[in-house]
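Structure file upload31.cif with mmCIF, C-alpha atoms:
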data_query
loop_
_atom_site.group_PDB
_atom_site.id
_atom_site.type_symbol
_atom_site.label_atom_id
_atom_site.label_comp_id
_atom_site.auth_asym_id
_atom_site.auth_seq_id
_atom_site.Cartn_x
_atom_site.Cartn_y
_atom_site.Cartn_z
ATOM 1 C CA MET A 1 23.615 3.745 -2.162
ATOM 2 C CA GLN A 2 20.316 5.544 -2.696
ATOM 3 C CA VAL A 3 17.455 4.111 -4.777
ATOM 4 C CA GLU A 4 14.217 5.802 -5.781
ATOM 5 C CA HIS A 5 11.166 4.077 -7.207
ATOM 6 C CA GLN A 6 7.633 5.075 -8.167
ATOM 7 C CA LEU A 7 4.690 2.765 -8.759
ATOM 8 C CA LYS A 8 0.903 2.928 -9.155
ATOM 9 C CA MET A 9 -1.002 0.855 -6.625
ATOM 10 C CA MET A 10 -4.029 1.098 -4.303
ATOM 11 C CA GLY A 11 -5.525 3.744 -6.573
ATOM 12 C CA THR A 12 -2.647 6.155 -5.988
ATOM 13 C CA THR A 13 0.996 6.924 -6.769
ATOM 14 C CA ILE A 14 3.594 5.551 -4.360
ATOM 15 C CA ASP A 15 7.125 6.960 -4.083
ATOM 16 C CA ILE A 16 9.900 5.143 -2.229
ATOM 17 C CA GLN A 17 13.391 6.431 -1.473
ATOM 18 C CA ILE A 18 15.906 4.274 0.423
ATOM 19 C CA THR A 19 19.504 5.047 1.404
ATOM 20 C CA SER A 20 21.352 1.916 2.489
ATOM 21 C CA LYS A 21 24.166 -0.487 1.547
ATOM 22 C CA THR A 22 21.515 -3.005 0.457
ATOM 23 C CA ALA A 23 18.940 -0.521 -0.866
ATOM 24 C CA GLN A 24 18.176 -2.429 -4.066
ATOM 25 C CA SER A 25 17.197 -5.668 -2.344
ATOM 26 C CA GLN A 26 15.279 -3.714 0.322
ATOM 27 C CA LEU A 27 13.326 -1.953 -2.419
ATOM 28 C CA GLN A 28 12.360 -5.323 -3.919
ATOM 29 C CA ARG A 29 11.106 -6.474 -0.530
ATOM 30 C CA VAL A 30 9.129 -3.243 -0.038
ATOM 31 C CA CYS A 31 7.374 -3.800 -3.386
ATOM 32 C CA GLN A 32 6.516 -7.354 -2.316
ATOM 33 C CA LEU A 33 5.131 -6.081 0.997
ATOM 34 C CA LEU A 34 3.016 -3.457 -0.786
ATOM 35 C CA GLU A 35 1.436 -6.209 -2.878
ATOM 36 C CA VAL A 36 0.724 -8.284 0.247
ATOM 37 C CA TYR A 37 -0.888 -5.349 2.035
ATOM 38 C CA LYS A 38 -2.954 -4.365 -1.022
ATOM 39 C CA ASN A 39 -4.376 -7.888 -1.121
ATOM 40 C CA ARG A 40 -5.154 -7.667 2.576
ATOM 41 C CA PHE A 41 -6.713 -4.236 3.082
ATOM 42 C CA SER A 42 -8.376 -3.212 -0.201
ATOM 43 C CA ALA A 43 -12.109 -2.442 -0.152
ATOM 44 C CA ASN A 44 -12.172 -2.374 -3.968
ATOM 45 C CA ASP A 45 -10.430 -5.651 -4.913
ATOM 46 C CA SER A 46 -13.003 -8.442 -4.873
ATOM 47 C CA ASP A 47 -10.486 -11.044 -3.687
ATOM 48 C CA SER A 48 -8.877 -9.096 -0.816
ATOM 49 C CA GLU A 49 -9.005 -10.417 2.757
ATOM 50 C CA LEU A 50 -11.086 -7.407 3.779
ATOM 51 C CA MET A 51 -13.624 -8.190 1.071
ATOM 52 C CA MET A 52 -13.987 -11.718 2.433
ATOM 53 C CA ILE A 53 -15.278 -10.156 5.653
ATOM 54 C CA ASN A 54 -17.677 -7.914 3.729
ATOM 55 C CA LYS A 55 -18.980 -10.757 1.542
ATOM 56 C CA HIS A 56 -19.857 -12.777 4.650
ATOM 57 C CA ALA A 57 -21.623 -9.948 6.507
ATOM 58 C CA GLY A 58 -24.585 -11.334 8.409
ATOM 59 C CA ILE A 59 -23.517 -14.881 7.524
ATOM 60 C CA LYS A 60 -20.431 -15.902 9.488
ATOM 61 C CA ALA A 61 -17.245 -14.705 11.178
ATOM 62 C CA ILE A 62 -14.040 -14.755 9.136
ATOM 63 C CA GLU A 63 -10.647 -15.537 10.641
ATOM 64 C CA VAL A 64 -8.137 -12.995 9.306
ATOM 65 C CA ASP A 65 -4.441 -12.172 9.309
ATOM 66 C CA PRO A 66 -3.314 -10.597 12.625
ATOM 67 C CA ASP A 67 -2.432 -7.333 10.835
ATOM 68 C CA LEU A 68 -5.949 -6.986 9.439
ATOM 69 C CA PHE A 69 -7.510 -7.894 12.789
ATOM 70 C CA GLU A 70 -5.326 -5.313 14.550
ATOM 71 C CA LEU A 71 -6.226 -2.498 12.166
ATOM 72 C CA ILE A 72 -9.961 -3.283 12.351
ATOM 73 C CA GLN A 73 -9.706 -3.352 16.149
ATOM 74 C CA ILE A 74 -7.968 0.035 16.222
ATOM 75 C CA GLY A 75 -10.431 1.443 13.692
ATOM 76 C CA LYS A 76 -13.445 0.244 15.680
ATOM 77 C CA ILE A 77 -12.162 1.902 18.866
ATOM 78 C CA HIS A 78 -11.683 5.267 17.144
ATOM 79 C CA SER A 79 -15.031 4.924 15.340
ATOM 80 C CA GLN A 80 -16.861 4.576 18.663
ATOM 81 C CA VAL A 81 -15.429 7.579 20.516
ATOM 82 C CA ASP A 82 -16.813 11.104 20.577
ATOM 83 C CA PRO A 83 -15.958 13.413 18.900
ATOM 84 C CA SER A 84 -14.974 11.453 15.796
ATOM 85 C CA ASN A 85 -15.783 11.673 12.111
ATOM 86 C CA LEU A 86 -13.985 8.366 11.526
ATOM 87 C CA ASN A 87 -16.204 5.341 10.918
ATOM 88 C CA ILE A 88 -14.699 2.177 9.413
ATOM 89 C CA ALA A 89 -18.222 0.765 8.947
ATOM 90 C CA ILE A 90 -19.084 3.481 6.425
ATOM 91 C CA GLY A 91 -18.451 1.168 3.461
ATOM 92 C CA PRO A 92 -22.114 0.937 2.309
ATOM 93 C CA LEU A 93 -22.251 4.733 1.901
ATOM 94 C CA VAL A 94 -18.892 4.938 0.117
ATOM 95 C CA GLN A 95 -19.959 2.208 -2.306
ATOM 96 C CA SER A 96 -23.327 3.916 -2.927
ATOM 97 C CA TRP A 97 -21.784 7.250 -3.915
ATOM 98 C CA ARG A 98 -18.607 5.840 -5.578
ATOM 99 C CA ILE A 99 -17.013 9.317 -5.655
ATOM 100 C CA GLY A 100 -13.637 9.089 -7.343
ATOM 101 C CA PHE A 101 -14.783 6.265 -9.645
ATOM 102 C CA SER A 102 -16.241 6.457 -13.163
ATOM 103 C CA ASP A 103 -19.657 5.233 -11.977
ATOM 104 C CA ALA A 104 -20.078 7.875 -9.251
ATOM 105 C CA LYS A 105 -23.647 9.044 -8.623
ATOM 106 C CA VAL A 106 -25.847 10.783 -6.063
ATOM 107 C CA PRO A 107 -27.980 8.106 -4.347
ATOM 108 C CA ASP A 108 -31.593 8.927 -3.593
ATOM 109 C CA GLN A 109 -32.500 9.896 -0.036
ATOM 110 C CA ASP A 110 -34.206 6.585 0.776
ATOM 111 C CA ALA A 111 -31.105 4.658 -0.303
ATOM 112 C CA ILE A 112 -28.914 6.854 1.903
ATOM 113 C CA LYS A 113 -31.212 6.298 4.903
ATOM 114 C CA GLU A 114 -31.105 2.555 4.302
ATOM 115 C CA LYS A 115 -27.294 2.502 4.025
ATOM 116 C CA LEU A 116 -26.944 4.533 7.231
ATOM 117 C CA THR A 117 -28.602 1.691 9.152
ATOM 118 C CA LEU A 118 -25.669 -0.523 8.088
ATOM 119 C CA THR A 119 -22.888 1.768 9.351
ATOM 120 C CA ASN A 120 -22.929 1.168 13.110
ATOM 121 C CA PRO A 121 -19.372 0.301 14.265
ATOM 122 C CA ASN A 122 -20.813 -1.377 17.382
ATOM 123 C CA GLU A 123 -22.039 -4.154 15.069
ATOM 124 C CA ILE A 124 -18.476 -5.138 14.154
ATOM 125 C CA ILE A 125 -17.965 -8.243 16.303
ATOM 126 C CA LEU A 126 -14.340 -9.089 17.058
ATOM 127 C CA ASN A 127 -13.172 -12.351 18.601
ATOM 128 C CA GLN A 128 -9.653 -11.854 19.967
ATOM 129 C CA ASN A 129 -9.070 -15.565 20.674
ATOM 130 C CA LYS A 130 -10.005 -16.708 17.185
ATOM 131 C CA GLY A 131 -8.744 -13.595 15.394
ATOM 132 C CA SER A 132 -12.089 -13.387 13.622
ATOM 133 C CA VAL A 133 -14.312 -10.545 12.402
ATOM 134 C CA PHE A 134 -18.089 -10.730 12.006
ATOM 135 C CA LEU A 135 -20.331 -8.004 10.608
ATOM 136 C CA SER A 136 -23.647 -8.678 12.300
ATOM 137 C CA LYS A 137 -25.953 -7.366 9.531
ATOM 138 C CA LYS A 138 -26.155 -8.382 5.894
ATOM 139 C CA GLY A 139 -25.087 -5.489 3.692
ATOM 140 C CA MET A 140 -22.526 -4.125 6.159
ATOM 141 C CA LYS A 141 -19.136 -3.254 4.639
ATOM 142 C CA LEU A 142 -15.878 -2.250 6.272
ATOM 143 C CA ASP A 143 -13.797 0.424 4.548
ATOM 144 C CA LEU A 144 -10.281 0.921 5.931
ATOM 145 C CA GLY A 145 -9.341 3.538 3.343
ATOM 146 C CA ALA A 146 -8.999 6.198 6.038
ATOM 147 C CA LEU A 147 -6.394 4.150 7.943
ATOM 148 C CA ALA A 148 -4.741 1.520 5.759
ATOM 149 C CA LYS A 149 -2.104 3.684 4.071
ATOM 150 C CA GLY A 150 -0.802 4.869 7.447
ATOM 151 C CA TYR A 151 -0.715 1.350 8.840
ATOM 152 C CA ILE A 152 1.085 0.065 5.729
ATOM 153 C CA ALA A 153 3.631 2.902 5.787
ATOM 154 C CA ASP A 154 4.463 2.186 9.441
ATOM 155 C CA LYS A 155 4.854 -1.546 8.761
ATOM 156 C CA ILE A 156 7.151 -0.970 5.777
ATOM 157 C CA MET A 157 9.278 1.570 7.620
ATOM 158 C CA ALA A 158 9.588 -0.789 10.602
ATOM 159 C CA TYR A 159 10.928 -3.462 8.235
ATOM 160 C CA LEU A 160 13.437 -1.016 6.703
ATOM 161 C CA ILE A 161 14.680 0.225 10.082
ATOM 162 C CA ASP A 162 15.057 -3.337 11.326
ATOM 163 C CA ASP A 163 17.000 -4.161 8.155
ATOM 164 C CA GLY A 164 19.534 -1.410 8.804
ATOM 165 C CA ILE A 165 18.754 1.495 6.481
ATOM 166 C CA ASP A 166 20.473 4.881 6.808
ATOM 167 C CA SER A 167 17.367 6.795 5.751
ATOM 168 C CA ALA A 168 14.104 6.373 3.878
ATOM 169 C CA LEU A 169 11.068 8.248 2.610
ATOM 170 C CA ILE A 170 7.742 6.579 1.842
ATOM 171 C CA ASN A 171 5.011 8.591 0.127
ATOM 172 C CA LEU A 172 1.734 6.692 -0.287
ATOM 173 C CA GLY A 173 -0.276 9.156 -2.349
ATOM 174 C CA GLY A 174 0.496 12.123 -0.090
ATOM 175 C CA ASN A 175 0.803 10.093 3.099
ATOM 176 C CA VAL A 176 4.481 10.750 3.910
ATOM 177 C CA LEU A 177 6.721 8.969 6.429
ATOM 178 C CA VAL A 178 10.475 9.618 6.812
ATOM 179 C CA HIS A 179 13.317 8.139 8.828
ATOM 180 C CA GLY A 180 16.958 9.091 9.270
ATOM 181 C CA THR A 181 18.981 12.023 7.946
ATOM 182 C CA ASN A 182 18.204 13.748 4.661
ATOM 183 C CA ASP A 183 21.631 14.224 3.044
ATOM 184 C CA LYS A 184 20.175 16.682 0.522
ATOM 185 C CA ARG A 185 19.555 19.303 3.229
ATOM 186 C CA GLU A 186 22.148 20.979 5.446
ATOM 187 C CA ASP A 187 19.986 20.582 8.550
ATOM 188 C CA GLY A 188 19.349 16.873 7.778
ATOM 189 C CA THR A 189 15.561 17.234 7.866
ATOM 190 C CA PHE A 190 13.027 16.350 5.172
ATOM 191 C CA TYR A 191 11.079 19.208 3.598
ATOM 192 C CA ILE A 192 7.460 18.230 2.901
ATOM 193 C CA GLY A 193 5.293 20.447 0.685
ATOM 194 C CA LEU A 194 1.770 21.143 1.932
ATOM 195 C CA GLN A 195 -0.818 21.112 -0.877
ATOM 196 C CA ASN A 196 -2.679 24.360 -1.492
ATOM 197 C CA PRO A 197 -6.375 23.292 -1.349
ATOM 198 C CA GLN A 198 -7.355 26.053 -3.791
ATOM 199 C CA LYS A 199 -4.829 25.069 -6.472
ATOM 200 C CA SER A 200 -4.006 22.061 -8.650
ATOM 201 C CA ARG A 201 -2.006 19.115 -7.278
ATOM 202 C CA GLY A 202 1.665 19.918 -6.739
ATOM 203 C CA GLN A 203 1.103 23.616 -5.976
ATOM 204 C CA HIS A 204 2.095 24.084 -2.367
ATOM 205 C CA LEU A 205 0.878 26.376 0.367
ATOM 206 C CA GLY A 206 4.124 26.045 2.277
ATOM 207 C CA VAL A 207 6.771 23.612 3.448
ATOM 208 C CA LEU A 208 7.044 21.628 6.661
ATOM 209 C CA LYS A 209 10.318 20.345 8.119
ATOM 210 C CA ILE A 210 10.203 16.879 9.700
ATOM 211 C CA HIS A 211 12.596 14.273 11.076
ATOM 212 C CA ASP A 212 11.582 10.661 11.849
ATOM 213 C CA GLN A 213 7.917 11.587 11.483
ATOM 214 C CA SER A 214 4.881 11.316 9.254
ATOM 215 C CA VAL A 215 2.693 13.949 7.589
ATOM 216 C CA VAL A 216 -0.860 13.164 6.426
ATOM 217 C CA THR A 217 -3.423 15.560 4.960
ATOM 218 C CA SER A 218 -7.180 15.095 4.593
ATOM 219 C CA GLY A 219 -8.953 17.499 2.267
ATOM 220 C CA ILE A 220 -12.102 18.040 0.251
ATOM 221 C CA TYR A 221 -10.166 19.017 -2.879
ATOM 222 C CA GLU A 222 -9.034 15.547 -4.041
ATOM 223 C CA ARG A 223 -12.097 13.660 -5.308
ATOM 224 C CA HIS A 224 -15.327 15.220 -6.533
ATOM 225 C CA LEU A 225 -18.633 14.504 -8.203
ATOM 226 C CA LYS A 226 -20.304 17.391 -10.029
ATOM 227 C CA VAL A 227 -24.022 17.092 -10.749
ATOM 228 C CA ALA A 228 -25.726 20.122 -12.317
ATOM 229 C CA ASP A 229 -24.499 23.067 -10.222
ATOM 230 C CA LYS A 230 -23.780 20.974 -7.099
ATOM 231 C CA ASP A 231 -20.300 19.753 -6.180
ATOM 232 C CA TYR A 232 -19.897 16.730 -3.873
ATOM 233 C CA HIS A 233 -16.606 15.725 -2.233
ATOM 234 C CA HIS A 234 -15.651 12.276 -0.906
ATOM 235 C CA ILE A 235 -15.557 12.768 2.891
ATOM 236 C CA PHE A 236 -18.915 11.752 4.335
ATOM 237 C CA ASP A 237 -20.836 12.866 7.384
ATOM 238 C CA ARG A 238 -21.423 9.669 9.350
ATOM 239 C CA HIS A 239 -24.759 11.058 10.619
ATOM 240 C CA THR A 240 -26.353 12.383 7.406
ATOM 241 C CA GLY A 241 -24.825 10.096 4.764
ATOM 242 C CA TYR A 242 -23.970 13.124 2.613
ATOM 243 C CA PRO A 243 -20.560 14.763 2.094
ATOM 244 C CA ILE A 244 -19.644 16.608 5.254
ATOM 245 C CA GLU A 245 -20.454 20.334 5.355
ATOM 246 C CA THR A 246 -17.483 22.226 6.718
ATOM 247 C CA SER A 247 -15.502 25.459 6.415
ATOM 248 C CA MET A 248 -12.335 23.351 6.589
ATOM 249 C CA ALA A 249 -10.527 22.837 3.261
ATOM 250 C CA SER A 250 -7.751 20.613 4.593
ATOM 251 C CA LEU A 251 -6.360 19.238 7.829
ATOM 252 C CA THR A 252 -2.737 18.102 8.128
ATOM 253 C CA VAL A 253 -1.505 16.044 11.067
ATOM 254 C CA VAL A 254 2.136 15.414 12.029
ATOM 255 C CA ALA A 255 3.088 12.529 14.334
ATOM 256 C CA ASP A 256 5.752 9.853 14.808
ATOM 257 C CA SER A 257 3.372 7.186 13.489
ATOM 258 C CA SER A 258 1.675 7.447 10.101
ATOM 259 C CA LEU A 259 -1.309 5.533 11.466
ATOM 260 C CA ASP A 260 -1.714 8.119 14.229
ATOM 261 C CA CYS A 261 -1.743 10.812 11.543
ATOM 262 C CA GLU A 262 -4.479 8.933 9.662
ATOM 263 C CA ILE A 263 -6.528 8.391 12.813
ATOM 264 C CA TRP A 264 -6.519 12.041 13.801
ATOM 265 C CA THR A 265 -7.031 13.552 10.341
ATOM 266 C CA SER A 266 -10.037 11.236 9.947
ATOM 267 C CA ARG A 267 -11.405 11.818 13.445
ATOM 268 C CA LEU A 268 -11.043 15.598 13.377
ATOM 269 C CA PHE A 269 -11.690 16.617 9.770
ATOM 270 C CA GLY A 270 -14.928 18.552 9.510
ATOM 271 C CA LEU A 271 -15.370 19.209 13.234
ATOM 272 C CA ASP A 272 -15.570 22.795 14.507
ATOM 273 C CA ASN A 273 -12.267 24.530 13.673
ATOM 274 C CA SER A 274 -11.714 25.970 17.135
ATOM 275 C CA LEU A 275 -12.393 22.570 18.728
ATOM 276 C CA VAL A 276 -9.908 20.888 16.358
ATOM 277 C CA TYR A 277 -7.304 23.541 17.173
ATOM 278 C CA ARG A 278 -7.725 22.955 20.922
ATOM 279 C CA ILE A 279 -7.496 19.179 20.507
ATOM 280 C CA LEU A 280 -4.333 19.444 18.395
ATOM 281 C CA ASN A 281 -2.672 21.590 21.036
ATOM 282 C CA ASN A 282 -3.524 19.122 23.801
ATOM 283 C CA LEU A 283 -2.747 15.762 22.197
ATOM 284 C CA PRO A 284 0.727 14.519 23.219
ATOM 285 C CA GLY A 285 2.896 13.840 20.171
ATOM 286 C CA ILE A 286 0.290 15.144 17.699
ATOM 287 C CA GLU A 287 0.564 18.447 15.811
ATOM 288 C CA GLY A 288 -1.525 19.870 13.000
ATOM 289 C CA ILE A 289 -2.353 22.553 10.437
ATOM 290 C CA ILE A 290 -5.909 23.669 9.645
ATOM 291 C CA VAL A 291 -6.588 25.399 6.316
ATOM 292 C CA THR A 292 -10.057 26.878 5.806
ATOM 293 C CA LYS A 293 -11.954 27.525 2.582
ATOM 294 C CA ASP A 294 -11.463 31.266 3.079
ATOM 295 C CA LYS A 295 -7.666 30.717 3.187
ATOM 296 C CA GLN A 296 -7.144 31.050 6.939
ATOM 297 C CA ILE A 297 -4.316 28.931 8.370
ATOM 298 C CA ALA A 298 -3.981 27.760 11.980
ATOM 299 C CA LEU A 299 -0.848 25.952 13.192
ATOM 300 C CA SER A 300 -0.666 24.012 16.429
ATOM 301 C CA LYS A 301 2.012 25.459 18.698
ATOM 302 C CA GLY A 302 4.573 22.740 18.041
ATOM 303 C CA LEU A 303 4.696 23.548 14.315
ATOM 304 C CA GLU A 304 5.058 27.326 14.465
ATOM 305 C CA LYS A 305 8.839 27.181 13.900
ATOM 306 C CA ARG A 306 8.743 24.241 11.470
ATOM 307 C CA PHE A 307 6.317 25.518 8.815
ATOM 308 C CA SER A 308 7.204 28.141 6.193
ATOM 309 C CA LEU A 309 4.342 29.707 4.252
ATOM 310 C CA PHE A 310 4.751 30.457 0.539
ATOM 311 C CA PHE A 311 3.471 33.903 -0.429
ATOM 312 C CA ASN A 312 2.252 33.425 -3.995
#

Rewrite the structure from the file as structure tokens, please.
Amino acid sequence: MQVEHQLKMMGTTIDIQITSKTAQSQLQRVCQLLEVYKNRFSANDSDSELMMINKHAGIKAIEVDPDLFELIQIGKIHSQVDPSNLNIAIGPLVQSWRIGFSDAKVPDQDAIKEKLTLTNPNEIILNQNKGSVFLSKKGMKLDLGALAKGYIADKIMAYLIDDGIDSALINLGGNVLVHGTNDKREDGTFYIGLQNPQKSRGQHLGVLKIHDQSVVTSGIYERHLKVADKDYHHIFDRHTGYPIETSMASLTVVADSSLDCEIWTSRLFGLDNSLVYRILNNLPGIEGIIVTKDKQIALSKGLEKRFSLFFN
């Protein structure tokens, strides 16, 4: 039996496809898990577990669920390395700009400077024994938006595999993870469309074949704020506090783990294109596709036979 379901959650559209003898009951459990994870990781829901940490910044440590502690721990590590454009402490900046929300605005320069002082990932204090998180300065805010969807997708797929599915596809707003054989294709692989950054959603640049893997794309085409003749996107430069200036239009990463895809799209997006290309070709188990604003495409070597470009 195959079931398909679509729902709106976490500010995005989620698609689930499960092939299994008990697909219907597994789908119900997946929907329950999605609700649990939303209430754990959201930086926009005032009653989420993550928001409890943010509300007590500079006041006290908060003991959290092991899943939330683990993701914050992973996020802190990758926020501290160099090079990396990932910073899970960037919440104060994200909440100042609010790009993608109806109350989006351009903060003044003094406000941006002030918020930047609250975005140091070294000031996230983790206590492994207690499973607690403490933000050492008042006004600090964690934002796991760059990582949470990948972590959630991996957790849900792990449950489905453990519960004996034949195959599954999870699409969390463009964050795609697949497992098993795709019966709709002769070669058994899943065909994933790659968004054309210059065109409206659903218009693809090409198609990527994957099996038991995840595909995640970061791009500057999704969320915007237009003020006068200036256009601002939603991916911020952790050093300037403004949207990152880059010739890159999108970066797609392919890996076995959806969280790994999230980590590397977030770390690498906006860095020098040639540096990103070298890194992608030297990271074990990580492949990628760079698309530039002037429509140049660079594939890491492992994807050269798995990506088909649309000529339209």

If I take atom CA of Glu304 of chain A and atom CA of Asp82 of chain A, how far is one from the other in Å, to one decimal?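 Answer for the atom CA of Glu304 of chain A to atom CA of Asp82 of chain A separation: 27.9 Å.
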
Around all the atoms of segment 253-268 of chain A listed in the file, with 4 Å of room on each side, what axis-aligned box do you get, giving centre and edge lengths in Å to one decimal, as AutoDock Vina command-line options?
--center_x -2.8 --center_y 10.8 --center_z 12.2 --size_x 25.2 --size_y 18.5 --size_z 13.1

Under the rule of at most 12 Å, produce a per-residue listing of segment 84-119 of chain A near segment 141-144 of chain A: chain, number, name, the closest pair of atoms, and the distance in Å, as a Markdown table, using all atoms listed in the file.
| residue | atom | partner | partner_atom | distance |
| --- | --- | --- | --- | --- |
| A:Leu86 | CA | A:Leu144 | CA | 10.0 |
| A:Asn87 | CA | A:Asp143 | CA | 8.4 |
| A:Ile88 | CA | A:Asp143 | CA | 5.2 |
| A:Ala89 | CA | A:Leu142 | CA | 4.7 |
| A:Ile90 | CA | A:Asp143 | CA | 6.4 |
| A:Gly91 | CA | A:Lys141 | CA | 4.6 |
| A:Pro92 | CA | A:Lys141 | CA | 5.6 |
| A:Leu93 | CA | A:Lys141 | CA | 9.0 |
| A:Val94 | CA | A:Asp143 | CA | 8.1 |
| A:Gln95 | CA | A:Lys141 | CA | 8.9 |
| A:Ser96 | CA | A:Lys141 | CA | 11.2 |
| A:Lys115 | CA | A:Lys141 | CA | 10.0 |
| A:Leu116 | CA | A:Lys141 | CA | 11.3 |
| A:Thr117 | CA | A:Lys141 | CA | 11.6 |
| A:Leu118 | CA | A:Lys141 | CA | 7.9 |
| A:Thr119 | CA | A:Lys141 | CA | 7.8 |

At a cut-off of 6 Å, using only C-alpha atoms, what residues contact segment 210-218 of chain A? Leave out same-chain residues fewer than 5 positions from it and give the result as a PyMOL selection string. chain A and resi 175-179+189-190+250-256+258+261+265

Neighbouring residues of Gly206 of chain A were defined as those with any atom within 10 Å, considering all atoms listed in the file; residues of the same chain fewer than 4 positions away were excluded. Please report them as an MDAnalysis selection string. chainID A and resid 191:196 307:312

Of the listed residues A:Gln2, A:Ser79, A:Asn127, A:Ser266, that which approaches Ala23 of chain A most closely, counting only C-alpha atoms: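 Smallest separation from Ala23 of chain A among the options: A:Gln2.
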